[in-house]
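K.L.:
File model_22.txt follows (compact mmCIF, C-alpha atoms):
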```
# COMPACT_ATOMS: atom_id res chain seq x y z
CA ASP A 531 -39.98 -62.87 146.41
CA GLY A 532 -40.90 -59.50 147.86
CA GLU A 533 -41.14 -56.10 146.29
CA THR A 534 -37.85 -55.36 144.56
CA THR A 535 -36.45 -52.10 143.30
CA ALA A 536 -34.07 -52.30 140.37
CA PRO A 537 -30.52 -51.29 141.26
CA SER A 538 -29.92 -47.57 140.73
CA CYS A 539 -28.08 -46.51 137.64
CA SER A 540 -26.51 -43.06 137.12
CA VAL A 541 -27.21 -43.21 133.38
CA ILE A 542 -30.82 -43.46 132.27
CA LEU A 543 -30.96 -46.32 129.78
CA LYS A 544 -33.42 -46.69 126.94
CA HIS A 545 -34.97 -50.10 126.20
CA LEU A 546 -36.67 -50.88 122.89
CA PHE A 547 -39.05 -53.88 122.88
CA PHE A 548 -40.16 -55.77 119.78
CA PRO A 549 -42.84 -58.21 121.04
CA ALA A 550 -43.38 -61.15 118.70
CA SER A 551 -47.04 -60.98 119.68
CA PHE A 552 -48.95 -58.43 121.73
CA PHE A 553 -52.43 -57.44 122.84
CA PRO A 554 -55.24 -57.70 121.84
CA SER A 555 -53.89 -61.24 121.23
CA ILE A 556 -53.91 -63.03 124.58
CA GLY A 557 -51.46 -65.61 125.90
CA GLY A 558 -48.53 -66.20 128.20
CA ALA A 559 -46.09 -64.29 125.98
CA GLN A 560 -48.15 -61.09 126.08
CA GLY A 561 -48.99 -61.27 129.77
CA SER A 562 -45.49 -62.17 130.92
CA LEU A 563 -44.08 -59.14 129.10
CA ILE A 564 -46.46 -56.84 131.00
CA ASN A 565 -45.25 -58.27 134.32
CA PHE A 566 -41.60 -58.19 133.20
CA LEU A 567 -41.75 -54.39 133.01
CA HIS A 568 -42.03 -54.32 136.82
CA CYS A 569 -38.42 -55.53 136.92
CA PHE A 570 -37.14 -52.19 135.59
CA GLY A 571 -36.47 -49.11 137.68
CA SER A 572 -38.89 -46.19 137.40
CA GLU A 573 -36.15 -44.09 135.79
CA GLU A 574 -35.68 -46.50 132.87
CA LYS A 575 -37.20 -45.54 129.51
CA LEU A 576 -39.26 -48.40 128.01
CA PHE A 577 -40.34 -48.10 124.37
CA PHE A 578 -42.54 -50.55 122.45
CA ALA A 579 -42.46 -51.00 118.68
CA LEU A 580 -45.83 -52.51 117.74
CA GLY A 581 -47.97 -53.33 114.76
CA LEU A 582 -50.91 -51.02 114.09
CA ARG A 583 -53.56 -53.14 115.83
CA SER A 584 -51.47 -53.50 118.99
CA PHE A 585 -50.44 -49.83 118.83
CA PHE A 586 -54.02 -48.53 118.87
CA TYR A 587 -55.05 -51.08 121.50
CA SER A 588 -52.20 -49.96 123.76
CA LEU A 589 -52.93 -46.30 123.09
CA ILE A 590 -56.24 -46.42 124.99
CA ASN A 591 -55.07 -48.55 127.96
CA ASP A 592 -53.03 -47.65 131.06
CA LYS A 593 -49.48 -48.95 130.70
CA ARG A 594 -45.92 -48.74 132.00
CA PHE A 595 -44.30 -48.21 128.59
CA GLN A 596 -44.11 -45.58 125.88
CA LEU A 597 -45.23 -46.15 122.31
CA THR A 598 -42.93 -45.45 119.42
CA ILE A 599 -43.58 -45.41 115.67
CA PRO A 600 -45.90 -48.32 114.76
CA TYR A 601 -45.43 -50.58 111.76
CA VAL A 602 -47.51 -52.62 109.33
CA GLY A 603 -46.40 -56.24 109.48
CA ARG A 604 -47.01 -57.02 105.83
CA ILE A 605 -44.99 -54.02 104.68
CA LEU A 606 -42.05 -54.96 106.91
CA ARG A 607 -41.71 -58.18 104.93
CA ASN A 608 -39.89 -56.00 102.42
CA ASP A 609 -36.31 -55.92 103.68
CA LYS A 610 -35.59 -52.39 102.40
CA ILE A 611 -38.61 -51.06 104.29
CA LEU A 612 -37.57 -52.96 107.42
CA LYS A 613 -34.10 -51.41 107.24
CA SER A 614 -35.58 -47.93 106.83
CA TYR A 615 -37.89 -48.50 109.81
CA LEU A 616 -35.02 -49.72 111.99
CA MET A 617 -32.87 -46.75 110.96
CA ILE A 618 -35.63 -44.38 112.06
CA LEU A 619 -35.98 -46.15 115.43
CA ALA A 620 -32.21 -46.12 115.90
CA LEU A 621 -32.22 -42.34 115.39
CA VAL A 622 -35.42 -41.50 117.29
CA VAL A 623 -35.23 -43.91 120.26
CA LYS A 624 -31.46 -44.44 120.44
CA PRO A 625 -31.89 -47.65 122.44
CA ASP A 626 -29.21 -49.03 124.71
CA ILE A 627 -30.84 -52.46 124.77
CA VAL A 628 -33.16 -54.06 122.19
CA TRP A 629 -35.40 -56.80 123.60
CA LEU A 630 -36.61 -59.24 120.92
CA TYR A 631 -39.33 -60.61 123.17
CA GLY A 632 -40.67 -63.84 121.73
CA GLY A 633 -38.11 -64.23 118.99
CA GLY A 634 -39.25 -65.62 115.65
CA GLU A 635 -38.69 -64.58 112.05
CA LEU A 636 -39.08 -60.81 112.57
CA ALA A 637 -36.64 -60.92 115.49
CA ALA A 638 -34.15 -62.81 113.31
CA ARG A 639 -34.51 -60.25 110.51
CA ILE A 640 -34.07 -57.38 112.98
CA ILE A 641 -30.89 -58.82 114.47
CA ARG A 642 -29.51 -59.37 110.98
CA HIS A 643 -29.50 -55.57 110.70
CA ARG A 644 -28.13 -54.80 114.15
CA LYS A 645 -25.35 -52.68 112.59
CA LEU A 646 -27.98 -50.02 111.91
CA PHE A 647 -27.89 -49.33 115.65
CA ARG A 648 -24.99 -48.01 117.70
CA PRO A 649 -22.17 -50.54 118.27
CA SER A 650 -22.83 -50.37 122.02
CA THR A 651 -26.49 -51.41 121.65
CA LYS A 652 -27.13 -54.85 123.14
CA PHE A 653 -29.60 -57.33 121.66
CA VAL A 654 -31.47 -59.83 123.84
CA ILE A 655 -33.62 -62.66 122.49
CA ARG A 656 -36.27 -64.27 124.66
CA SER A 657 -37.70 -67.32 122.91
CA MET A 658 -41.44 -67.87 123.26
CA GLY A 659 -41.05 -71.57 122.47
CA SER A 660 -42.76 -71.88 119.10
CA ASP A 661 -39.73 -70.30 117.38
CA ILE A 662 -37.40 -73.18 118.35
CA GLN A 663 -39.58 -75.94 119.87
CA TYR A 664 -41.57 -78.40 117.77
CA ASP A 665 -44.35 -80.87 118.57
CA ALA A 666 -45.50 -82.94 115.59
CA SER A 667 -48.75 -84.15 117.18
CA THR A 668 -50.12 -80.61 117.48
CA ASN A 669 -48.08 -79.03 114.66
CA TYR A 670 -46.69 -76.59 117.21
CA GLY A 671 -43.59 -74.60 116.35
CA ILE A 672 -41.10 -74.72 113.49
CA GLN A 673 -39.62 -78.04 112.45
CA LYS A 674 -35.87 -78.41 112.73
CA GLY A 675 -34.07 -78.52 109.39
CA THR A 676 -36.53 -76.27 107.55
CA GLN A 677 -35.27 -73.12 105.83
CA GLU A 678 -37.17 -70.93 108.32
CA TYR A 679 -35.69 -72.74 111.33
CA GLU A 680 -32.16 -72.51 109.94
CA PHE A 681 -32.49 -68.79 109.23
CA ILE A 682 -33.91 -67.99 112.68
CA THR A 683 -31.38 -70.04 114.61
CA ASN A 684 -28.42 -68.77 112.55
CA MET A 685 -29.43 -65.17 113.29
CA TYR A 686 -29.89 -65.93 117.00
CA GLN A 687 -26.13 -66.50 117.20
CA ASN A 688 -25.68 -62.75 116.64
CA ALA A 689 -27.48 -61.82 119.88
CA ASP A 690 -25.57 -60.63 122.93
CA TYR A 691 -27.79 -62.63 125.27
CA LEU A 692 -30.42 -65.33 124.94
CA TRP A 693 -32.92 -65.62 127.76
CA ALA A 694 -34.12 -69.17 128.42
CA LEU A 695 -37.36 -69.73 130.35
CA SER A 696 -36.53 -73.32 131.29
CA ASP A 697 -33.96 -76.12 131.12
CA GLU A 698 -35.63 -77.33 127.92
CA ILE A 699 -35.16 -73.98 126.15
CA GLU A 700 -31.59 -73.68 127.43
CA LYS A 701 -30.75 -77.15 126.09
CA ILE A 702 -32.08 -76.18 122.65
CA TYR A 703 -29.96 -73.01 122.70
CA ARG A 704 -26.83 -75.00 123.53
CA ARG A 705 -27.42 -78.31 121.73
CA ASP A 706 -29.28 -77.29 118.57
CA ILE A 707 -28.19 -73.68 118.02
CA ALA A 708 -24.65 -73.92 119.47
CA ILE A 709 -25.02 -70.81 121.62
CA ASP A 710 -22.12 -70.12 123.98
CA GLN A 711 -23.11 -70.82 127.61
CA ASN A 712 -21.91 -67.35 128.64
CA LYS A 713 -24.61 -65.80 126.44
CA ILE A 714 -27.46 -67.79 128.01
CA LEU A 715 -29.42 -66.44 130.97
CA GLN A 716 -32.08 -68.71 132.46
CA CYS A 717 -35.10 -67.49 134.39
CA GLY A 718 -38.82 -68.16 134.20
CA ASN A 719 -41.52 -65.58 133.57
CA CYS A 720 -42.45 -63.00 136.16
CA ILE A 721 -45.78 -63.80 137.83
CA ILE A 722 -47.36 -61.22 140.17
CA ARG A 723 -50.51 -61.85 142.19
CA PRO A 724 -51.81 -58.40 143.24
CA SER A 725 -53.97 -59.66 146.13
CA GLU A 726 -54.01 -62.54 148.61
CA SER A 727 -55.69 -65.80 147.62
CA TYR A 728 -59.15 -66.39 149.09
CA LYS A 729 -60.69 -69.81 148.53
CA LYS A 730 -64.47 -69.92 148.11
CA ASN A 731 -65.22 -73.66 147.96
CA ASP A 732 -67.97 -74.32 150.51
CA ASN A 733 -69.24 -77.64 149.12
CA LYS A 734 -67.93 -81.18 149.40
CA LYS A 735 -67.18 -81.58 145.71
CA LEU A 736 -63.68 -81.21 144.31
CA ASN A 737 -63.55 -78.18 142.02
CA ILE A 738 -61.20 -78.78 139.07
CA GLY A 739 -60.14 -75.81 136.98
CA VAL A 740 -58.96 -75.75 133.37
CA ILE A 741 -57.74 -72.49 131.90
CA GLY A 742 -56.00 -71.28 128.74
CA ARG A 743 -56.39 -70.14 125.18
CA ASN A 744 -57.85 -72.62 122.72
CA HIS A 745 -54.71 -73.96 121.03
CA PRO A 746 -54.02 -77.58 119.94
CA LYS A 747 -50.98 -77.80 122.22
CA LYS A 748 -53.29 -77.26 125.24
CA ASN A 749 -54.94 -80.62 124.41
CA PHE A 750 -58.37 -79.57 125.73
CA ASN A 751 -60.17 -82.22 123.65
CA LEU A 752 -58.97 -84.83 126.14
CA LEU A 753 -61.42 -83.29 128.64
CA ASN A 754 -64.33 -84.97 126.85
CA ALA A 755 -63.14 -88.44 127.85
CA ILE A 756 -61.97 -87.37 131.32
CA ILE A 757 -65.25 -85.73 132.38
CA ASP A 758 -67.28 -88.66 131.00
CA LYS A 759 -65.43 -91.05 133.33
CA LEU A 760 -65.77 -89.03 136.56
CA ASP A 761 -68.73 -89.00 139.00
CA PRO A 762 -70.57 -85.65 138.65
CA ASP A 763 -71.62 -85.90 142.31
CA ARG A 764 -67.97 -85.79 143.39
CA PHE A 765 -66.32 -83.50 140.85
CA ASN A 766 -67.08 -80.07 139.39
CA PHE A 767 -65.20 -78.59 136.43
CA VAL A 768 -64.70 -74.85 135.93
CA LEU A 769 -63.51 -74.03 132.40
CA LYS A 770 -62.01 -70.69 131.44
CA THR A 771 -61.11 -71.74 127.90
CA PRO A 772 -62.34 -69.08 125.44
CA GLY A 773 -63.22 -70.68 122.11
CA PHE A 774 -63.34 -74.24 123.45
CA GLN A 775 -66.44 -76.15 124.55
CA LEU A 776 -67.02 -79.82 125.33
CA GLU A 777 -68.77 -82.06 122.83
CA LYS A 778 -71.82 -82.41 125.09
CA LYS A 779 -73.40 -80.70 128.08
CA HIS A 780 -72.56 -81.77 131.63
CA ILE A 781 -74.37 -80.72 134.81
CA ASN A 782 -71.07 -80.43 136.67
CA VAL A 783 -69.31 -78.12 134.18
CA ILE A 784 -69.28 -74.32 134.42
CA TYR A 785 -67.91 -72.08 131.66
CA GLU A 786 -66.29 -68.84 132.79
CA PRO A 787 -66.68 -65.71 130.63
CA VAL A 788 -63.88 -64.18 128.55
CA SER A 789 -61.54 -61.99 130.60
CA ASN A 790 -62.18 -58.27 130.83
CA ILE A 791 -58.86 -56.51 130.20
CA SER A 792 -58.91 -53.09 131.90
CA ASN A 793 -55.19 -52.18 131.77
CA LEU A 794 -51.75 -53.26 130.55
CA ILE A 795 -50.00 -52.90 133.90
CA TYR A 796 -50.55 -56.32 135.52
CA TRP A 797 -51.37 -59.70 134.03
CA PRO A 798 -53.57 -61.68 134.29
CA PRO A 799 -56.75 -59.63 134.92
CA ASP A 800 -58.58 -59.82 138.26
CA ASP A 801 -61.20 -62.27 136.97
CA VAL A 802 -58.46 -64.84 136.31
CA TRP A 803 -57.30 -64.67 139.93
CA GLU A 804 -60.97 -65.02 140.94
CA PHE A 805 -61.12 -68.17 138.78
CA TYR A 806 -58.19 -69.69 140.70
CA ASP A 807 -59.92 -68.86 143.99
CA LYS A 808 -62.94 -70.92 142.90
CA VAL A 809 -61.00 -74.14 142.26
CA ASP A 810 -59.03 -76.61 144.38
CA VAL A 811 -56.82 -78.00 141.64
CA VAL A 812 -55.81 -76.89 138.15
CA LEU A 813 -55.62 -79.63 135.52
CA ILE A 814 -52.99 -78.99 132.84
CA LEU A 815 -53.20 -81.13 129.72
CA SER A 816 -50.61 -79.28 127.60
CA LYS A 817 -48.31 -81.41 125.47
CA VAL A 818 -45.65 -78.71 125.21
CA GLU A 819 -44.89 -75.43 127.02
CA SER A 820 -41.93 -73.07 127.04
CA PHE A 821 -42.71 -72.17 130.66
CA GLY A 822 -46.44 -72.44 131.40
CA ASN A 823 -47.66 -69.38 133.31
CA VAL A 824 -50.86 -71.15 134.37
CA THR A 825 -48.87 -73.64 136.47
CA PHE A 826 -47.35 -70.86 138.56
CA GLU A 827 -50.44 -68.66 138.74
CA ALA A 828 -52.19 -71.72 140.17
CA GLY A 829 -49.40 -72.33 142.70
CA LEU A 830 -49.44 -68.72 143.89
CA SER A 831 -53.22 -69.07 144.33
CA ASP A 832 -53.02 -72.10 146.67
CA CYS A 833 -54.26 -74.44 143.94
CA SER A 834 -52.81 -77.90 143.55
CA ILE A 835 -51.54 -78.76 140.08
CA ILE A 836 -52.02 -81.87 137.95
CA ILE A 837 -49.63 -81.93 134.98
CA ASN A 838 -47.87 -84.37 132.65
CA LYS A 839 -44.47 -85.46 133.95
CA GLN A 840 -42.72 -84.42 130.72
CA THR A 841 -44.37 -81.01 130.28
CA THR A 842 -42.20 -78.02 131.19
CA GLY A 843 -43.37 -76.36 134.38
CA GLY A 844 -44.21 -79.27 136.64
CA ASP A 845 -40.63 -79.90 137.78
CA ILE A 846 -40.07 -76.17 138.37
CA ALA A 847 -43.32 -75.95 140.37
CA ILE A 848 -42.08 -78.78 142.62
CA GLU A 849 -38.87 -76.80 143.25
CA TYR A 850 -41.06 -73.93 144.48
CA ASP A 851 -42.82 -76.32 146.88
CA PHE A 852 -46.16 -76.05 145.10
CA ASP A 853 -48.50 -79.04 145.48
CA VAL A 854 -47.95 -81.00 142.25
CA TYR A 855 -49.41 -84.30 141.01
CA THR A 856 -48.12 -85.82 137.77
CA TYR A 857 -49.29 -88.35 135.18
CA ASN A 858 -47.14 -90.20 132.65
CA SER A 859 -49.25 -90.31 129.48
CA PHE A 860 -52.11 -88.36 127.95
CA ASP A 861 -54.51 -91.14 128.80
CA ALA A 862 -57.94 -90.29 130.24
CA ILE A 863 -58.03 -93.36 132.52
CA GLU A 864 -54.63 -92.59 134.07
CA ILE A 865 -55.51 -88.91 134.57
CA CYS A 866 -58.86 -89.83 136.15
CA GLY A 867 -56.98 -92.08 138.56
CA VAL A 868 -54.85 -89.14 139.68
CA ILE A 869 -57.97 -86.98 140.14
CA VAL A 870 -59.87 -89.64 142.12
CA ASN A 871 -56.94 -90.12 144.53
CA PHE A 872 -56.30 -86.39 144.91
CA LYS A 873 -56.23 -84.87 148.44
CA ILE A 874 -56.86 -81.14 148.93
CA ASN A 875 -53.74 -79.32 150.08
CA LYS A 876 -54.32 -77.36 153.29
CA ASN A 877 -50.99 -75.51 153.26
CA LYS A 878 -51.18 -71.75 152.73
CA ASN A 879 -48.87 -70.18 150.16
CA VAL A 880 -47.32 -66.90 151.32
CA GLN A 881 -45.64 -65.91 148.04
CA ARG A 882 -47.19 -63.07 146.07
CA ASP A 883 -44.80 -63.01 143.13
CA LEU A 884 -42.46 -65.33 141.28
CA ASN A 885 -39.10 -64.52 139.64
CA LYS A 886 -39.43 -60.76 140.05
CA GLU A 887 -36.21 -60.46 142.02
CA LYS A 888 -34.33 -62.86 139.72
CA LEU A 889 -35.42 -61.00 136.60
CA THR A 890 -34.51 -57.66 138.15
CA LEU A 891 -30.98 -59.00 138.63
CA LEU A 892 -31.01 -60.40 135.08
CA VAL A 893 -31.88 -56.96 133.70
CA ASP A 894 -29.17 -55.38 135.85
CA ARG A 895 -26.55 -57.84 134.58
CA ILE A 896 -27.42 -57.14 130.95
CA MET A 897 -27.34 -53.39 131.54
CA HIS A 898 -23.95 -53.38 133.25
CA ASP A 899 -21.97 -56.20 131.60
```
Would you write the structure of this file as C-alpha cells?
P.N.:
Amino acid sequence: DGETTAPSCSVILKHLFFPASFFPSIGGAQGSLINFLHCFGSEEKLFFALGLRSFFYSLINDKRFQLTIPYVGRILRNDKILKSYLMILALVVKPDIVWLYGGGELAARIIRHRKLFRPSTKFVIRSMGSDIQYDASTNYGIQKGTQEYEFITNMYQNADYLWALSDEIEKIYRRDIAIDQNKILQCGNCIIRPSESYKKNDNKKLNIGVIGRNHPKKNFNLLNAIIDKLDPDRFNFVLKTPGFQLEKKHINVIYEPVSNISNLIYWPPDDVWEFYDKVDVVLILSKVESFGNVTFEAGLSDCSIIINKQTTGGDIAIEYDFDVYTYNSFDAIEICGVIVNFKINKNKNVQRDLNKEKLTLLVDRIMHD
C-alpha cells in the first residue's frame, strides 16, 4: 500500500472517538488508533473524548486530533451523568460519526443513548477482542452468557456498522451476536513503518525477538522452558517485554528498555522498529489475539514470524506473503523444533504500510453510505 489520500468530500465531517483504552496505557488498541487517523483526509475534524489521565497525557504530546471535554470514568458509571455528558458532546461537537473504538461496557452504554445525538449521526463499533472474545486459560475477555456479555452484545446490535479486525471477530459478530452481514466491515489494523528496514545482524547466531506488553494471553512464561532447551551458542533472544523477566539469567538473553513515546502521530515508536531490525525472527506465543499488530510490524520489518497455527494473525500474514512458520500446540519441545529448523529469509519486503488504503476506503464508505 502506498501513500493514500482520503477521497475529497465537499462537506467537512466531524468524527468523535471514544477509545476504550488510550495512552499512557500501551497496547495494540492504542497504537492502532493513532495510525488509523492517517486514513482520514486533512480536512476532517477528529475529536477525542478521553478520561482525565489520557486527556492530560495527550495535551502535552503532538497529535493529529483535537481534545474535547474530558470525563472521569468512575463518575460516568452514573447513567444520569453519562447522559448529561453525552448531551454536552452532542451540542458542542455535533459529530457526524461516533467511533466506539475498542467497544466494551462504556461503548454499549453510549450507544444505548444514541438518541441524544442527531438522527443522522452514525455509530461504528470496533471490537478490541476482549469485549467479545474469551479464553478460559488466561481469563481473557468476557465469558459468554454473563450479564455483562449479554448487555454489551445486545447494545452492539444498535450500531450502524461493526468493524471486524479478522475472520474470527466477524464470525463472533454474525454467529454469537446475530449482526446483519451488511453492517459488518472487515479490515485489519493500520500499520505504518516510517522508515526502511535495516538489518544489523553481523554474527552467526540466530537472533529471536519477543515483544509485547506483559499480559497472560501473551504466554511469555513459556519462554523459560524454550530458552532452557536451546543452545546459547546458536541462539540469542532479544526481549522487549516490559514487566516480564525470565525466572533465571541467561547469557544469550538481552532485555530491551521500555519504549520512549515522543508523540501520538505514529505508532509504534522508533525504538520498536529498531528492535525489529536487530532480530531475524519474531516468536509469538499468544494464545488469543483480535488481530496481533506485532505479527505485521515484524513482517514489514523483514522478520520471519513463528506463531501458533490457531492464533489470529498467522493466516493473514501468509496472505501478505510474509515468511511465516507455525506450531500446533503451546509445547516448548515442538516450538524449539521449529526454531532449530528455521532458515533465515533473504527476501526483501518492499511494503511500508499495511491496510492504510483499505481503511481509507472503509472510512469513505461509512461517511457516504
K.L.:
Starting from the point (-46.2, -72.0, 125.5), work out which residues of protein, DNA or RNA have an atom no more than 10 Å away when counting only C-alpha atoms; state them as a list in words.
P.N.:
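These residues have at least one counted atom within 10 Å: Gly557, Gly558, Ala559, Met658, Gly659, Ser660, Gln663, Tyr670, Gly671, His745, Lys747, Lys748, Ser816, Lys817, Val818, Glu819, Ser820, Phe821, Gly822, Asn823 and Thr842 of chain A.
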K.L.:
Find the residues around region 639-650 of chain A up to 8 Å (all atoms listed in the file counted), leave out those fewer than 2 positions away in its own chain, and share them as a ChimeraX atom specification.
P.N.:
/A:612-613,616-617,620,624,626,635-637,652-653,685-686,688-689
K.L.:
At a cut-off of 8 Å, using only C-alpha atoms, what residues contact Leu813 (chain A)? Leave out same-chain residues fewer than 2 positions from it and give the result as a list in words.
P.N.:
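Selected residues are Ile738, Gly739, Val740, Val811, Leu815, Ile835, Ile836 and Ile837 of chain A.
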K.L.:
Using all atoms listed in the file, which of A:Leu889, A:Ser555, A:Ile722, A:Thr841 sits nearest Ile795 (chain A)?
P.N.:
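Once distances to Ile795 (chain A) are computed over all atoms listed in the file, the minimum belongs to A:Ile722.
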K.L.:
One decimal, in Å: what's the spacing between CA of Gly844 (chain A) and CA of Leu884 (chain A)?
P.N.:
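Taking CA of Gly844 (chain A) as the start and CA of Leu884 (chain A) as the end point, the length is 14.8 Å.
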K.L.:
Quick one: residues within 8 Å of Leu830 (chain A), only C-alpha atoms counted, chain neighbours fewer than 6 positions away excluded, as a list in words?
P.N.:
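Everything that qualifies: Arg723, Ser727, Asn879, Val880, Gln881, Arg882 and Asp883 of chain A.
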K.L.:
Measuring between all atoms listed in the file, which one of A:Phe548, A:Phe750, A:Trp803, A:Phe577 shows the shortest distance to Ile721 (chain A)?
P.N.:
A:Trp803
K.L.:
Which residue is closest to Arg604 (chain A)? Choose from A:Leu582, A:Leu589, A:Val854, A:Leu619 and count all atoms listed in the file.
P.N.:
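Distance minimum relative to Arg604 (chain A) lands on A:Leu582.
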K.L.:
Please provide the set of residues having any atom within 12 Å of Gly675 (chain A), restricted to all atoms listed in the file, with same-chain residues fewer than 4 positions apart removed, written as a compact mmCIF listing (two decimals) with C-alpha atoms, in the coordinates of the input.
P.N.:
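The result, written out as result.txt:
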```txt
# COMPACT_ATOMS: atom_id res chain seq x y z
CA ILE A 662 -37.40 -73.18 118.35
CA TYR A 664 -41.57 -78.40 117.77
CA TYR A 679 -35.69 -72.74 111.33
CA GLU A 680 -32.16 -72.51 109.94
CA PHE A 681 -32.49 -68.79 109.23
CA ILE A 682 -33.91 -67.99 112.68
CA THR A 683 -31.38 -70.04 114.61
CA ASN A 684 -28.42 -68.77 112.55
CA ASP A 706 -29.28 -77.29 118.57
CA ILE A 707 -28.19 -73.68 118.02
```
K.L.:
Quick one: pull the distance between CA of Lys759 (chain A) and CA of Gly742 (chain A), Å, one decimal.
P.N.:
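A separation of 22.4 Å between them.
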K.L.:
Might you pull out every residue within 9 Å of Ser696 (chain A), with all atoms listed in the file counted and same-chain residues fewer than 2 positions away left off, and present them as an MDAnalysis selection string?
P.N.:
chainID A and resid 694 698:701 716:718 820:821 842:843 846
K.L.:
Using CA of Tyr855 (chain A) and CA of Asp832 (chain A) as the two end points, give the distance in Å to one decimal.
P.N.:
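Taking CA of Tyr855 (chain A) and CA of Asp832 (chain A), their separation equals 13.9 Å.
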K.L.:
Closest to Leu630 (chain A) among A:Ile672, A:Val768, A:Leu546, A:Val602, using only C-alpha atoms?
P.N.:
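Counting only C-alpha atoms, the residue closest to Leu630 (chain A) is A:Leu546.
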K.L.:
Once you count all atoms listed in the file, which residues end up no further than 10 Å from (-58.8, -84.1, 128.4) in the file's frame, shown as JSON, numbers by chain?
P.N.:
{"A": [740, 748, 749, 750, 751, 752, 753, 754, 755, 756, 757, 758, 776, 813, 814, 815, 816, 860, 861, 862, 865, 866]}
K.L.:
For Lys886 (chain A), which residue out of A:Lys674, A:Asn744, A:Leu567, A:Val802 is the nearest one, using only C-alpha atoms?
P.N.:
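Once distances to Lys886 (chain A) are computed over only C-alpha atoms, the minimum belongs to A:Leu567.
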